[in-house]
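Asker: Would you mind keeping the following structure in view while I ask a few things?
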Amino acid sequence: MDVSSRLEVWQQLAESCGLSTVQQGLQQVWRLLLLCLICRLCFRLGGASTEKHIVSTLTGMYGLFLFFELHMLWVLLLCALCYLVLLLSRYSSSRVFFLSAVILIYLLIGELHLIDMVTWHKIRGSQMVVAMKAISLAFDLDRGAVGNLPSPAEFLGYILFVGTVIFGPWISFSTYKNAAEGRKLSWSWLQSSFFSLLKSQICLLVSTCIAPYLFPLFIPIHGNVVIHKWLHAYENAASFHFSNYFVGHLSEGTSMLAGACFTEEKDNIRWDMSVVKPLSVEMPRSMVLVVTSWNIPMSEWLKTYVFKNAMKLGTFPAILVTYSASALLHGLSFHLGAVLLSLGFITYIEHALRKKLAAIFSACILSKPCAPGCCHQHKKEYWVMLLNLLFSLLTIFHLTYLGSMFDPGVDEQEVEVGYAAIHTIQRWSELSWASHWLMLGCWIFYRLIQ
């Protein structure tokens, strides 16, 4: 395809895909953004705290109705169950255990198809945010970080906070209370919210109109069947990545627009909410940093409330427990469970191997960048940078492999209810299970140098 033909195809793609994607994206979220702005203004205008919590609850419920219609009742049912458990166990020191058990049973009921699969798949994200908020609140109550059980209005205002209830992210109870105090309106608040929303639309465009055509149109690369399979896998992975960035940046915008997620230093307020770091995923140093950059608030939640509590079992069991908890929150779908558990093994093996090599060579090749005053002798030598580059390429290889299954294919129903197990097995079989074999090889190498 010559340059003129390619330019003509790009123009047709921009007109047929780009404009319609932006238009549909704005049509879906403009009313949610308006609700976030109304909630923010009500917080700022003042009034009794109960009134603010009621406003937060009502705007959140209306936001749920806009996206899920009457299916929102399943989300409200989970909210009611969570508060009922917290109320009944208010004199217990094990509120987390009882609440987690009830939430797990509720999620299992939904996943076992007692609720319509398409409906459950649509509301799964909101269910996950509600579950994370309730469990974190139970932990804070058990630890004494939150003194008393919030009132029903305060609890629902937090759980159904309009800035986070649809797309996330998870925020702590203290973050919500700070938002309800109603910080003053400012240009930096509006600018930060708008910039996050703009980034979300750009990521949506890339995911929908660029990534699926990356190599045939934008970067034409030709090769044999094996190369074609891996290029197609990279396209699928890139499209999936940018769809996640779209949701992440959109959640940044909605949460800040509703008045949450800022840092305060003396009289200076910075609206600096960060949910995703695309560059840390697309140009990664390690899989460990990819995992934390994929969804920063969720990574913080898993580390604070799952990993640290499971560390008494040992590092590797704690990692497995953490990724298992993430898989349960995301739903009992084979493809997500397979990806998350594979990530658990990959991150552990990578971390252990790089830690051992860093000790052997006294070099800054750990999964995370070393502090400026670290004890390693070799910091910026060429061979050190080459080793870090090698691990970065391995991470991109793993991400391409793991993300290869996330393609819409030809069956829209399959996308709506989640991919079947055979889909995952088929995709990874086409790539010869390369990432898993490589992971096994790295583990054997690590054991040999022990």
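Just remember, in the structure tokens the first chain shown is A, the second B, etc., residues are 1-based per chain, and ligands are 1-based in the order shown.
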Identify, on the basis of only C-alpha atoms, every residue whose closest approach to region 427-440 of chain A does not exceed 12 Å; exclude the query and any residue fewer than 6 positions from it along the same chain; express the result as number ranges by chain.
Answerer: A: 225-234, 236-237, 335, 338-339, 341-350, 353, 394-407, 409, 419-421, 446-447
Asker: Report the residues of region 193-272 of chain A whose backbone DSSP state falls under strand (DSSP E or B), written as an NGL selection string.
Answerer: :A and (263-265 or 268-270)
Asker: With only C-alpha atoms as the basis for distance, which of A:Ile444, A:Ile105, A:Cys209, A:Ile166 is at the shortest distance from Ala352 (chain A)?
Answerer: A:Ile444
Asker: With a cut-off of 7 Å, could you pull out the residues of region 318-408 of chain A touching region 276-298 of chain A and give me the nearest pair of atoms for each, distance in Å to one decimal, using only C-alpha atoms, ordered by chain and ascending number, as JSON lines?
Answerer:
```
{"residue": "A:Thr347", "atom": "CA", "partner": "A:Val288", "partner_atom": "CA", "distance": 5.5}
{"residue": "A:Ser367", "atom": "CA", "partner": "A:Ser286", "partner_atom": "CA", "distance": 5.4}
{"residue": "A:Lys368", "atom": "CA", "partner": "A:Leu289", "partner_atom": "CA", "distance": 6.9}
{"residue": "A:Asn388", "atom": "CA", "partner": "A:Arg285", "partner_atom": "CA", "distance": 6.9}
{"residue": "A:Phe391", "atom": "CA", "partner": "A:Ser286", "partner_atom": "CA", "distance": 6.5}
{"residue": "A:Ser392", "atom": "CA", "partner": "A:Arg285", "partner_atom": "CA", "distance": 4.9}
{"residue": "A:Thr395", "atom": "CA", "partner": "A:Met287", "partner_atom": "CA", "distance": 5.7}
```
Asker: With a distance cut-off of 8 Å and only C-alpha atoms, select the neighbouring residues of Ile159 (chain A), excluding the residue or stretch itself and same-chain residues fewer than 2 positions from it, and output the selection as a ChimeraX atom specification.
Answerer: /A:79,130,133-134,155-157,161,165
Asker: Kindly give the distance, in Å, that separates CA of His53 (chain A) and CA of Glu252 (chain A), rounded to a single decimal.
Answerer: 20.9 Å
Asker: Could you jot down the CA of Asn268 (chain A) to CA of Trp187 (chain A) separation for me, Å, one decimal place?
Answerer: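 Between these atoms lies a distance of 13.0 Å.
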Asker: Could you name the residues that touch Asp140 (chain A) at 12 Å or less, counting only C-alpha atoms, but leaving out those on the same chain fewer than 2 positions away, as an mmCIF file with C-alpha atoms, in the first residue's frame?
Answerer:
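The result, stored in out_21.cif:
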```
data_model
loop_
_atom_site.group_PDB
_atom_site.id
_atom_site.type_symbol
_atom_site.label_atom_id
_atom_site.label_comp_id
_atom_site.auth_asym_id
_atom_site.auth_seq_id
_atom_site.Cartn_x
_atom_site.Cartn_y
_atom_site.Cartn_z
ATOM 1 C CA LEU A 86 -21.389 -3.895 59.941
ATOM 2 C CA SER A 93 -13.467 -7.178 66.574
ATOM 3 C CA SER A 94 -13.803 -9.404 63.487
ATOM 4 C CA ARG A 95 -16.048 -7.281 61.315
ATOM 5 C CA VAL A 96 -13.736 -7.817 58.370
ATOM 6 C CA LYS A 133 -14.993 0.404 50.006
ATOM 7 C CA ALA A 134 -16.984 -1.664 52.500
ATOM 8 C CA ILE A 135 -14.091 -4.010 53.296
ATOM 9 C CA SER A 136 -11.630 -1.124 53.751
ATOM 10 C CA LEU A 137 -14.106 0.577 56.088
ATOM 11 C CA ALA A 138 -14.436 -2.639 58.117
ATOM 12 C CA ASP A 142 -11.357 -2.903 63.500
ATOM 13 C CA ARG A 143 -8.062 -1.012 63.667
ATOM 14 C CA GLY A 144 -9.585 2.078 65.230
ATOM 15 C CA ALA A 145 -8.702 4.325 62.280
ATOM 16 C CA VAL A 146 -12.430 5.078 62.095
ATOM 17 C CA GLY A 147 -13.846 5.551 65.563
ATOM 18 C CA ASN A 148 -17.517 4.627 65.174
ATOM 19 C CA LEU A 149 -19.733 3.006 62.606
ATOM 20 C CA PRO A 150 -20.908 5.762 60.224
ATOM 21 C CA SER A 172 -10.808 5.572 51.524
ATOM 22 C CA PHE A 173 -13.480 6.767 53.941
ATOM 23 C CA SER A 174 -11.233 9.622 55.061
ATOM 24 C CA THR A 304 -2.815 -2.411 52.565
ATOM 25 C CA TYR A 305 -5.721 -4.725 53.284
#
```
